[in-house]
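Just protein23.pdb here, PDB, C-alpha atoms:
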```
ATOM      1  CA  MET A   1     -85.698  51.174  31.134
ATOM      2  CA  SER A   2     -86.945  48.403  28.876
ATOM      3  CA  GLY A   3     -85.341  47.987  25.492
ATOM      4  CA  SER A   4     -87.788  48.682  22.704
ATOM      5  CA  ARG A   5     -87.125  46.203  19.920
ATOM      6  CA  ASP A   6     -87.218  47.076  16.242
ATOM      7  CA  ILE A   7     -85.597  45.898  13.037
ATOM      8  CA  ARG A   8     -85.882  48.921  10.770
ATOM      9  CA  THR A   9     -84.015  51.520  12.779
ATOM     10  CA  SER A  10     -82.710  53.713   9.986
ATOM     11  CA  GLU A  11     -83.846  57.268  10.496
ATOM     12  CA  ALA A  12     -83.870  57.532   6.711
ATOM     13  CA  SER A  13     -86.905  55.211   6.641
ATOM     14  CA  THR A  14     -90.133  56.770   5.467
ATOM     15  CA  GLY A  15     -93.809  56.205   6.042
ATOM     16  CA  VAL A  16     -95.833  55.526   9.154
ATOM     17  CA  ALA A  17     -94.011  53.587  11.879
ATOM     18  CA  VAL A  18     -96.011  51.018  13.864
ATOM     19  CA  VAL A  19     -95.375  50.505  17.577
ATOM     20  CA  THR A  20     -96.985  48.112  20.010
ATOM     21  CA  ASP A  21     -96.230  46.621  23.410
ATOM     22  CA  SER A  22     -95.038  43.115  24.194
ATOM     23  CA  THR A  23     -98.447  41.552  24.935
ATOM     24  CA  PRO A  24     -99.505  40.516  21.394
ATOM     25  CA  TYR A  25     -96.649  37.963  21.556
ATOM     26  CA  LEU A  26     -95.930  38.336  17.884
ATOM     27  CA  PRO A  27     -93.391  35.914  16.392
ATOM     28  CA  ARG A  28     -90.068  37.313  15.296
ATOM     29  CA  ARG A  29     -90.850  36.662  11.634
ATOM     30  CA  VAL A  30     -93.910  38.964  11.800
ATOM     31  CA  ILE A  31     -91.981  41.714  13.595
ATOM     32  CA  ASP A  32     -89.207  41.472  11.023
ATOM     33  CA  GLN A  33     -91.565  41.324   8.042
ATOM     34  CA  TRP A  34     -93.433  44.487   8.973
ATOM     35  CA  GLY A  35     -90.766  46.456  10.840
ATOM     36  CA  ILE A  36     -92.886  46.601  14.003
ATOM     37  CA  ARG A  37     -91.407  48.148  17.125
ATOM     38  CA  GLU A  38     -92.197  46.762  20.579
ATOM     39  CA  VAL A  39     -92.008  48.368  24.011
ATOM     40  CA  SER A  40     -91.956  45.751  26.736
ATOM     41  CA  LEU A  41     -94.083  45.445  29.848
ATOM     42  CA  TYR A  42     -92.437  44.230  33.045
ATOM     43  CA  VAL A  43     -92.971  41.178  35.231
ATOM     44  CA  GLY A  44     -91.266  39.525  38.175
ATOM     45  CA  TRP A  45     -91.370  38.328  41.755
ATOM     46  CA  ASP A  46     -90.102  39.970  44.935
ATOM     47  CA  GLY A  47     -89.439  43.353  43.375
ATOM     48  CA  ASP A  48     -87.301  41.941  40.555
ATOM     49  CA  LEU A  49     -89.322  43.292  37.621
ATOM     50  CA  ARG A  50     -87.739  42.701  34.232
ATOM     51  CA  PRO A  51     -88.884  43.363  30.656
ATOM     52  CA  GLU A  52     -90.931  40.336  29.753
ATOM     53  CA  HIS A  53     -88.997  39.621  26.580
ATOM     54  CA  GLU A  54     -86.026  38.765  28.818
ATOM     55  CA  TYR A  55     -87.854  35.643  29.965
ATOM     56  CA  ASP A  56     -86.632  33.300  27.263
ATOM     57  CA  ASP A  57     -87.563  30.073  29.105
ATOM     58  CA  LEU A  58     -91.355  30.121  29.308
ATOM     59  CA  ASP A  59     -91.523  26.575  30.672
ATOM     60  CA  ALA A  60     -89.451  27.677  33.665
ATOM     61  CA  PHE A  61     -91.608  30.771  34.177
ATOM     62  CA  TYR A  62     -94.859  28.792  34.155
ATOM     63  CA  ALA A  63     -93.379  26.101  36.409
ATOM     64  CA  ARG A  64     -92.554  28.774  38.980
ATOM     65  CA  LEU A  65     -96.004  30.335  38.515
ATOM     66  CA  ARG A  66     -97.688  27.025  39.332
ATOM     67  CA  LYS A  67     -95.578  26.499  42.446
ATOM     68  CA  SER A  68     -95.473  30.041  43.795
ATOM     69  CA  PRO A  69     -97.865  31.008  46.601
ATOM     70  CA  THR A  70     -97.901  34.543  45.182
ATOM     71  CA  LEU A  71     -98.423  35.872  41.690
ATOM     72  CA  PRO A  72     -95.630  37.845  40.066
ATOM     73  CA  ALA A  73     -96.126  41.582  39.823
ATOM     74  CA  THR A  74     -96.656  43.102  36.396
ATOM     75  CA  SER A  75     -96.220  46.704  35.271
ATOM     76  CA  GLN A  76     -96.759  48.773  32.157
ATOM     77  CA  PRO A  77     -93.808  50.407  30.366
ATOM     78  CA  SER A  78     -92.815  53.790  31.711
ATOM     79  CA  VAL A  79     -93.364  57.062  29.906
ATOM     80  CA  GLY A  80     -89.601  57.134  29.408
ATOM     81  CA  ASP A  81     -89.673  53.725  27.720
ATOM     82  CA  PHE A  82     -92.150  55.010  25.164
ATOM     83  CA  ARG A  83     -90.268  58.270  24.662
ATOM     84  CA  ALA A  84     -87.110  56.280  23.918
ATOM     85  CA  CYS A  85     -88.979  54.438  21.174
ATOM     86  CA  TYR A  86     -90.923  57.378  19.746
ATOM     87  CA  GLU A  87     -88.378  60.204  19.834
ATOM     88  CA  PRO A  88     -85.954  59.031  17.117
ATOM     89  CA  LEU A  89     -88.914  58.407  14.831
ATOM     90  CA  VAL A  90     -90.700  61.739  15.223
ATOM     91  CA  ARG A  91     -87.419  63.658  15.256
ATOM     92  CA  ALA A  92     -86.741  62.151  11.821
ATOM     93  CA  GLY A  93     -90.192  63.200  10.622
ATOM     94  CA  ARG A  94     -91.870  59.786  10.873
ATOM     95  CA  ASP A  95     -95.514  59.595  11.945
ATOM     96  CA  VAL A  96     -96.244  56.845  14.489
ATOM     97  CA  VAL A  97     -99.301  54.673  15.105
ATOM     98  CA  SER A  98     -98.962  53.003  18.499
ATOM     99  CA  VAL A  99    -101.490  50.231  19.222
ATOM    100  CA  HIS A 100    -101.795  48.779  22.726
ATOM    101  CA  ILE A 101    -103.455  46.381  25.117
ATOM    102  CA  ALA A 102    -106.877  47.453  26.414
ATOM    103  CA  ALA A 103    -106.721  50.500  28.681
ATOM    104  CA  GLY A 104    -109.282  48.854  30.954
ATOM    105  CA  ILE A 105    -106.809  46.073  31.712
ATOM    106  CA  SER A 106    -103.404  47.776  31.711
ATOM    107  CA  GLY A 107    -101.910  51.229  32.186
ATOM    108  CA  THR A 108     -99.836  50.774  29.021
ATOM    109  CA  TYR A 109    -102.092  52.964  26.881
ATOM    110  CA  GLU A 110    -101.895  55.737  29.483
ATOM    111  CA  SER A 111     -98.079  55.634  29.537
ATOM    112  CA  ALA A 112     -97.929  55.718  25.732
ATOM    113  CA  THR A 113    -100.381  58.609  25.594
ATOM    114  CA  GLU A 114     -98.414  60.646  28.106
ATOM    115  CA  ALA A 115     -95.183  60.036  26.186
ATOM    116  CA  ALA A 116     -96.850  61.121  22.933
ATOM    117  CA  ARG A 117     -98.254  64.220  24.623
ATOM    118  CA  SER A 118     -94.873  65.233  26.003
ATOM    119  CA  LEU A 119     -93.155  64.840  22.640
ATOM    120  CA  ALA A 120     -95.879  66.839  20.898
ATOM    121  CA  THR A 121     -94.865  69.886  22.933
ATOM    122  CA  GLU A 122     -91.248  69.683  21.719
ATOM    123  CA  GLY A 123     -91.887  70.600  18.088
ATOM    124  CA  HIS A 124     -90.772  67.396  16.362
ATOM    125  CA  PRO A 125     -91.955  67.089  12.742
ATOM    126  CA  GLY A 126     -93.463  63.604  13.205
ATOM    127  CA  ARG A 127     -96.827  62.968  14.868
ATOM    128  CA  ILE A 128     -97.946  60.159  17.182
ATOM    129  CA  GLU A 129    -101.407  58.601  17.415
ATOM    130  CA  VAL A 130    -101.929  56.158  20.287
ATOM    131  CA  VAL A 131    -104.760  53.650  19.814
ATOM    132  CA  ASP A 132    -106.452  51.674  22.577
ATOM    133  CA  GLY A 133    -106.704  48.216  21.023
ATOM    134  CA  GLN A 134    -109.510  47.300  23.445
ATOM    135  CA  THR A 135    -108.188  43.736  23.447
ATOM    136  CA  GLY A 136    -104.949  41.882  24.023
ATOM    137  CA  ALA A 137    -102.840  38.862  23.112
ATOM    138  CA  GLY A 138    -103.486  37.502  19.608
ATOM    139  CA  GLY A 139    -106.367  39.890  19.026
ATOM    140  CA  LEU A 140    -104.051  42.821  19.574
ATOM    141  CA  GLY A 141    -101.596  41.132  17.240
ATOM    142  CA  CYS A 142    -104.224  41.133  14.481
ATOM    143  CA  LEU A 143    -104.690  44.885  14.914
ATOM    144  CA  VAL A 144    -100.952  45.542  14.880
ATOM    145  CA  VAL A 145    -100.552  43.574  11.655
ATOM    146  CA  THR A 146    -103.480  45.548  10.186
ATOM    147  CA  ALA A 147    -101.636  48.779  10.996
ATOM    148  CA  ALA A 148     -98.381  47.462   9.573
ATOM    149  CA  ARG A 149    -100.016  46.363   6.341
ATOM    150  CA  ALA A 150    -101.673  49.742   5.878
ATOM    151  CA  ALA A 151     -98.415  51.566   6.548
ATOM    152  CA  ASP A 152     -96.544  49.264   4.182
ATOM    153  CA  GLN A 153     -99.054  50.113   1.459
ATOM    154  CA  GLY A 154     -98.349  53.835   1.909
ATOM    155  CA  ALA A 155    -101.304  54.816   4.106
ATOM    156  CA  ASP A 156    -100.925  58.067   6.006
ATOM    157  CA  LEU A 157    -101.329  58.459   9.761
ATOM    158  CA  GLN A 158    -105.118  58.860   9.864
ATOM    159  CA  THR A 159    -105.796  56.163   7.279
ATOM    160  CA  THR A 160    -103.671  53.714   9.266
ATOM    161  CA  VAL A 161    -105.528  54.553  12.472
ATOM    162  CA  ASP A 162    -108.866  54.169  10.699
ATOM    163  CA  ALA A 163    -107.817  50.738   9.414
ATOM    164  CA  VAL A 164    -107.028  49.613  12.959
ATOM    165  CA  ARG A 165    -110.321  50.873  14.368
ATOM    166  CA  GLU A 166    -112.297  49.253  11.576
ATOM    167  CA  ALA A 167    -110.513  45.959  12.145
ATOM    168  CA  ARG A 168    -111.229  46.202  15.886
ATOM    169  CA  GLU A 169    -114.956  46.419  15.153
ATOM    170  CA  ARG A 170    -114.714  43.121  13.273
ATOM    171  CA  LEU A 171    -112.286  41.373  15.618
ATOM    172  CA  GLU A 172    -113.487  38.355  17.588
ATOM    173  CA  ILE A 173    -111.410  36.495  20.161
ATOM    174  CA  TRP A 174    -112.230  33.508  22.344
ATOM    175  CA  PHE A 175    -110.002  31.784  24.833
ATOM    176  CA  CYS A 176    -110.443  28.838  27.148
ATOM    177  CA  LEU A 177    -108.662  28.576  30.489
ATOM    178  CA  ASP A 178    -108.010  25.587  32.683
ATOM    179  CA  THR A 179    -109.052  27.675  35.695
ATOM    180  CA  LEU A 180    -110.211  31.171  36.625
ATOM    181  CA  GLU A 181    -107.985  31.143  39.700
ATOM    182  CA  TYR A 182    -105.205  33.276  38.185
ATOM    183  CA  LEU A 183    -107.664  35.885  36.924
ATOM    184  CA  ARG A 184    -109.284  35.994  40.350
ATOM    185  CA  ARG A 185    -105.993  36.293  42.230
ATOM    186  CA  GLY A 186    -104.678  38.948  39.852
ATOM    187  CA  GLY A 187    -107.806  41.087  40.069
ATOM    188  CA  ARG A 188    -108.387  41.054  36.298
ATOM    189  CA  ILE A 189    -111.433  38.828  36.313
ATOM    190  CA  GLY A 190    -113.960  41.495  35.253
ATOM    191  CA  ALA A 191    -117.346  40.177  34.149
ATOM    192  CA  ALA A 192    -116.060  36.600  34.430
ATOM    193  CA  GLN A 193    -116.562  37.033  38.195
ATOM    194  CA  ALA A 194    -120.077  35.694  37.661
ATOM    195  CA  MET A 195    -118.633  32.303  36.683
ATOM    196  CA  LEU A 196    -116.555  31.748  39.803
ATOM    197  CA  GLY A 197    -119.194  29.878  41.717
ATOM    198  CA  THR A 198    -119.594  27.250  39.010
ATOM    199  CA  ALA A 199    -116.184  27.244  37.382
ATOM    200  CA  LEU A 200    -114.515  24.628  39.566
ATOM    201  CA  LYS A 201    -115.744  21.766  37.423
ATOM    202  CA  VAL A 202    -115.913  23.462  34.049
ATOM    203  CA  LYS A 203    -113.593  25.013  31.485
ATOM    204  CA  PRO A 204    -114.562  28.699  31.111
ATOM    205  CA  ILE A 205    -114.654  30.204  27.625
ATOM    206  CA  LEU A 206    -114.102  33.960  27.605
ATOM    207  CA  THR A 207    -113.590  36.892  25.270
ATOM    208  CA  PHE A 208    -110.867  39.520  25.507
ATOM    209  CA  GLY A 209    -112.198  43.052  25.021
ATOM    210  CA  THR A 210    -112.180  46.156  27.187
ATOM    211  CA  GLU A 211    -112.547  43.629  29.980
ATOM    212  CA  ILE A 212    -112.427  39.852  30.160
ATOM    213  CA  ALA A 213    -115.965  38.528  29.847
ATOM    214  CA  PRO A 214    -117.540  35.059  29.728
ATOM    215  CA  VAL A 215    -119.136  33.638  26.594
ATOM    216  CA  GLY A 216    -119.678  30.024  27.640
ATOM    217  CA  ARG A 217    -118.488  27.025  29.579
ATOM    218  CA  VAL A 218    -117.815  23.369  28.893
ATOM    219  CA  ARG A 219    -117.131  20.457  31.198
ATOM    220  CA  THR A 220    -114.147  18.717  29.648
ATOM    221  CA  LYS A 221    -110.929  19.548  27.833
ATOM    222  CA  LYS A 222    -112.132  17.475  24.887
ATOM    223  CA  ARG A 223    -115.304  19.523  24.612
ATOM    224  CA  ALA A 224    -113.301  22.745  24.941
ATOM    225  CA  LEU A 225    -111.222  21.806  21.906
ATOM    226  CA  GLU A 226    -114.349  20.855  19.994
ATOM    227  CA  ARG A 227    -115.926  24.216  20.828
ATOM    228  CA  MET A 228    -112.825  26.044  19.642
ATOM    229  CA  ASP A 229    -112.936  24.061  16.398
ATOM    230  CA  GLU A 230    -116.563  25.108  15.970
ATOM    231  CA  TYR A 231    -115.609  28.721  16.642
ATOM    232  CA  LEU A 232    -113.002  28.633  13.891
ATOM    233  CA  SER A 233    -115.723  27.430  11.513
ATOM    234  CA  GLU A 234    -117.975  30.258  12.682
ATOM    235  CA  LEU A 235    -115.216  32.785  11.980
ATOM    236  CA  LYS A 236    -114.784  31.354   8.500
ATOM    237  CA  ASP A 237    -118.548  31.576   7.895
ATOM    238  CA  ARG A 238    -118.425  35.252   8.897
ATOM    239  CA  GLY A 239    -115.852  35.937   6.230
ATOM    240  CA  ALA A 240    -112.703  36.015   8.348
ATOM    241  CA  THR A 241    -109.432  35.646   6.491
ATOM    242  CA  ASP A 242    -106.885  36.578   9.159
ATOM    243  CA  TRP A 243    -106.941  34.191  12.125
ATOM    244  CA  VAL A 244    -104.591  33.353  14.970
ATOM    245  CA  VAL A 245    -103.917  30.672  17.548
ATOM    246  CA  GLN A 246    -102.132  31.157  20.869
ATOM    247  CA  HIS A 247    -101.613  29.007  23.908
ATOM    248  CA  ALA A 248    -100.175  29.031  27.401
ATOM    249  CA  GLN A 249     -98.503  25.718  28.214
ATOM    250  CA  SER A 250    -100.801  23.877  25.808
ATOM    251  CA  PRO A 251     -98.700  23.274  22.663
ATOM    252  CA  GLU A 252    -100.557  20.108  21.660
ATOM    253  CA  ASP A 253    -103.882  21.951  21.768
ATOM    254  CA  ALA A 254    -102.383  24.769  19.697
ATOM    255  CA  ASP A 255    -101.100  22.288  17.115
ATOM    256  CA  HIS A 256    -104.577  20.762  16.914
ATOM    257  CA  LEU A 257    -106.194  24.158  16.410
ATOM    258  CA  VAL A 258    -103.685  25.155  13.731
ATOM    259  CA  GLU A 259    -104.335  21.892  11.890
ATOM    260  CA  GLN A 260    -108.109  22.286  12.120
ATOM    261  CA  GLY A 261    -108.027  25.968  11.256
ATOM    262  CA  THR A 262    -105.813  25.394   8.246
ATOM    263  CA  ARG A 263    -108.280  22.792   6.995
ATOM    264  CA  ILE A 264    -111.215  25.166   7.578
ATOM    265  CA  PHE A 265    -109.628  28.297   6.102
ATOM    266  CA  GLY A 266    -107.520  26.659   3.441
ATOM    267  CA  ALA A 267    -104.454  28.550   4.696
ATOM    268  CA  GLY A 268    -102.411  28.798   7.869
ATOM    269  CA  PRO A 269    -102.840  31.374  10.657
ATOM    270  CA  LEU A 270    -101.207  34.783  10.793
ATOM    271  CA  PHE A 271     -99.212  33.302  13.651
ATOM    272  CA  CYS A 272     -99.264  30.730  16.424
ATOM    273  CA  THR A 273     -97.308  31.635  19.554
ATOM    274  CA  GLU A 274     -97.205  31.051  23.286
ATOM    275  CA  VAL A 275     -98.523  33.752  25.604
ATOM    276  CA  GLY A 276     -95.696  35.249  27.619
ATOM    277  CA  PRO A 277     -95.215  36.118  31.285
ATOM    278  CA  VAL A 278     -97.322  39.278  31.687
ATOM    279  CA  LEU A 279    -100.598  37.806  30.442
ATOM    280  CA  GLY A 280     -99.638  34.292  31.525
ATOM    281  CA  ALA A 281     -99.384  35.513  35.112
ATOM    282  CA  HIS A 282    -103.039  36.556  34.974
ATOM    283  CA  LEU A 283    -104.443  33.750  32.818
ATOM    284  CA  GLY A 284    -102.591  30.563  33.674
ATOM    285  CA  SER A 285    -102.727  27.786  31.093
ATOM    286  CA  GLY A 286    -105.151  27.694  28.201
ATOM    287  CA  MET A 287    -105.689  28.306  24.492
ATOM    288  CA  LEU A 288    -106.934  31.178  22.310
ATOM    289  CA  VAL A 289    -108.349  31.482  18.820
ATOM    290  CA  GLY A 290    -109.669  34.490  16.975
ATOM    291  CA  GLY A 291    -109.724  36.486  13.810
ATOM    292  CA  VAL A 292    -110.975  39.521  11.956
ATOM    293  CA  ALA A 293    -114.394  38.842  10.411
ATOM    294  CA  GLY A 294    -115.210  39.924   6.884
ATOM    295  CA  ALA A 295    -116.195  43.489   6.134
TER
END
```

Can the structure in the file be given as structure tokens, please?
Amino acid sequence: MSGSRDIRTSEASTGVAVVTDSTPYLPRRVIDQWGIREVSLYVGWDGDLRPEHEYDDLDAFYARLRKSPTLPATSQPSVGDFRACYEPLVRAGRDVVSVHIAAGISGTYESATEAARSLATEGHPGRIEVVDGQTGAGGLGCLVVTAARAADQGADLQTTVDAVREARERLEIWFCLDTLEYLRRGGRIGAAQAMLGTALKVKPILTFGTEIAPVGRVRTKKRALERMDEYLSELKDRGATDWVVQHAQSPEDADHLVEQGTRIFGAGPLFCTEVGPVLGAHLGSGMLVGGVAGA
């Protein structure tokens, strides 16, 4: 069973509790600030699946990924993993909003929903609402922070859920990969399949929604960075305030995007982190920017 991680474990706590999975790759400071609980997905080679937060050396993981003839297997948390996170909360009378990676990409939402359904039959005073984030990575992180902010401000269960769904309607995420090969091999390529025939000599730019879909292509790494800079400006023009940067084995690119974004927005991002093993296994190296556009 994976260990769900949280920092506000007192059953005397009040208000709506916010749960997510491990794929937003939120920094520790954000988890601590908002009291967010995480339930980890699993990843590993040769049957050795471990909670992804146990992979503390991402450079070593990606080095093995590049060299391995096979992709690592990935798996959603079990129903039992979610029950272990939810049960102390609802038993203490806490309501829970649980926001997860797109159901079209992972079975995580299904596991969370089944756990919530099973607990609902046991008569606990707290309620659980599971939300399909219809995105992943930093975009999912934006939605989780939206939920945590609402809960921190005293919103009830339904108001917190409504805040997440409204934010999802205004969320925009782009990412650029060095290659589509990992998506193709992992079977998560979705609508980006149409780019395979021409993607050998270009850098694909995609969006992360209910499936991974193409939005453009460029020919060089330099142009990819320029296009991401332009996208940050477009987000600002659309009234975005919250914005994020993530990367997979591209820290210099991430630093560039944080610098440019901070200049554009006049403030730093919600967070800048590296994508971990579960999504990294399916994406390979690249960079991501996104944000929640203005209302």

Using all atoms listed in the file, can you tell me which of A:Val99, A:Ala116, A:Val278, A:Val218 comes closest to Val161 (chain A)? A:Val99

Mind checking which residues fall within 10 Å of Ile205 (chain A), counting only C-alpha atoms, ignoring those fewer than 5 positions away in the same chain, and posting them as a PyMOL selection string? chain A and resi 174-178+192+213-218+224+227-228+286-288

Residue with smallest distance to Ser285 (chain A) - pool A:Tyr25, A:Trp34, A:Phe82, A:Tyr182, counting all atoms listed in the file: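 Under the stated criterion, the closest residue is A:Tyr182.
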
Determine the residue set returned by the PyMOL selection byres ((chain A and resi 237) around 12) for the present structure, and present it as a JSON list (two decimals) with C-alpha atoms, keeping the file's coordinate frame.
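Result file expr05.json:
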```json
[["chain", "number", "residue", "atom", "x", "y", "z"],
["A", 230, "GLU", "CA", -116.56, 25.11, 15.97],
["A", 231, "TYR", "CA", -115.61, 28.72, 16.64],
["A", 232, "LEU", "CA", -113.00, 28.63, 13.89],
["A", 233, "SER", "CA", -115.72, 27.43, 11.51],
["A", 234, "GLU", "CA", -117.98, 30.26, 12.68],
["A", 235, "LEU", "CA", -115.22, 32.78, 11.98],
["A", 236, "LYS", "CA", -114.78, 31.35, 8.50],
["A", 238, "ARG", "CA", -118.42, 35.25, 8.90],
["A", 239, "GLY", "CA", -115.85, 35.94, 6.23],
["A", 240, "ALA", "CA", -112.70, 36.02, 8.35],
["A", 241, "THR", "CA", -109.43, 35.65, 6.49],
["A", 264, "ILE", "CA", -111.22, 25.17, 7.58],
["A", 265, "PHE", "CA", -109.63, 28.30, 6.10],
["A", 291, "GLY", "CA", -109.72, 36.49, 13.81],
["A", 292, "VAL", "CA", -110.98, 39.52, 11.96],
["A", 293, "ALA", "CA", -114.39, 38.84, 10.41],
["A", 294, "GLY", "CA", -115.21, 39.92, 6.88]]
```

Got a sec: who's within 10 Å of Asp48 (chain A), counting all atoms listed in the file, leaving out chain neighbours fewer than 6 positions off, as a PyMOL selection string? chain A and resi 42+72-73

Residues matched by the PyMOL selection byres ((chain A and resi 209) around 8), written as a list in words: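 On this input, the PyMOL selection byres ((chain A and resi 209) around 8) captures Ala102, Gln134, Thr135, Gly136, Thr207, Phe208, Thr210, Glu211, Ile212 and Ala213 of chain A.
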
Hits from the PyMOL selection byres ((chain A and resi 112) around 9), listed as a CSV table (one decimal) with C-alpha atoms, keeping the file's coordinate frame:
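Produced file selection.csv, reproduced below:
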```csv
chain,number,residue,atom,x,y,z
A,77,PRO,CA,-93.8,50.4,30.4
A,78,SER,CA,-92.8,53.8,31.7
A,79,VAL,CA,-93.4,57.1,29.9
A,81,ASP,CA,-89.7,53.7,27.7
A,82,PHE,CA,-92.2,55.0,25.2
A,83,ARG,CA,-90.3,58.3,24.7
A,98,SER,CA,-99.0,53.0,18.5
A,100,HIS,CA,-101.8,48.8,22.7
A,107,GLY,CA,-101.9,51.2,32.2
A,108,THR,CA,-99.8,50.8,29.0
A,109,TYR,CA,-102.1,53.0,26.9
A,110,GLU,CA,-101.9,55.7,29.5
A,111,SER,CA,-98.1,55.6,29.5
A,113,THR,CA,-100.4,58.6,25.6
A,114,GLU,CA,-98.4,60.6,28.1
A,115,ALA,CA,-95.2,60.0,26.2
A,116,ALA,CA,-96.8,61.1,22.9
A,117,ARG,CA,-98.3,64.2,24.6
A,130,VAL,CA,-101.9,56.2,20.3
```

Counting all atoms listed in the file, the residue of A:Thr179, A:Thr146, A:Gln33, A:Thr273 that sits nearest Ala163 (chain A): A:Thr146

Kindly give the distance, in Å, that separates CA of Ser40 (chain A) and CA of Ala84 (chain A), rounded to a single decimal.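 Pair CA of Ser40 (chain A) / CA of Ala84 (chain A) returns 11.9 Å.
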
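For the pair CA of Ala254 (chain A) and CA of Glu38 (chain A), the separation is 24.3 Å.
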
Students should find that CA of Gln246 (chain A) and CA of Cys85 (chain A) are spaced 26.7 Å

Among listed residues A:Asp152, A:Glu259, A:Glu252, A:Asp229, nearest Gly35 (chain A) (using only C-alpha atoms): A:Asp152

Option closest in space to Ala150 (chain A), from A:Val164, A:Ala281, A:Leu270, A:Ile128 [counting all atoms listed in the file]: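 Using all atoms listed in the file, the shortest distance to Ala150 (chain A) belongs to A:Val164.
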
Determine the nearest neighbour of Leu143 (chain A) from the options A:Val245, A:Ala92, A:Leu171, A:Leu225, counting only C-alpha atoms.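 Distance minimum relative to Leu143 (chain A) lands on A:Leu171.
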
Each side padded by 4 Å, which centre and which edge lengths in Å (one decimal) define the axis-aligned box around the listed atoms of region 74-92 of chain A? Give them as JSON.
```
{"center_x": -91.4, "center_y": 53.4, "center_z": 24.1, "size_x": 18.8, "size_y": 28.6, "size_z": 32.6}
```

Extract, using all atoms listed in the file, all DNA, RNA and protein residues at most 7 Å from Val96 (chain A), discarding same-chain residues fewer than 2 positions from it, and format them as a list in words.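 Listed by chain and then number, they are Val16, Ala17, Val18, Arg94, Ser98, Arg127, Ile128 and Glu129 of chain A.
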
Mind dumping the selected residues with C-alpha atoms as a tab-separated table (two decimals), keeping the file's coordinate frame?
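Dumped to out10.tsv:
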```tsv
chain	number	residue	atom	x	y	z
A	16	VAL	CA	-95.83	55.53	9.15
A	17	ALA	CA	-94.01	53.59	11.88
A	18	VAL	CA	-96.01	51.02	13.86
A	94	ARG	CA	-91.87	59.79	10.87
A	98	SER	CA	-98.96	53.00	18.50
A	127	ARG	CA	-96.83	62.97	14.87
A	128	ILE	CA	-97.95	60.16	17.18
A	129	GLU	CA	-101.41	58.60	17.42
```
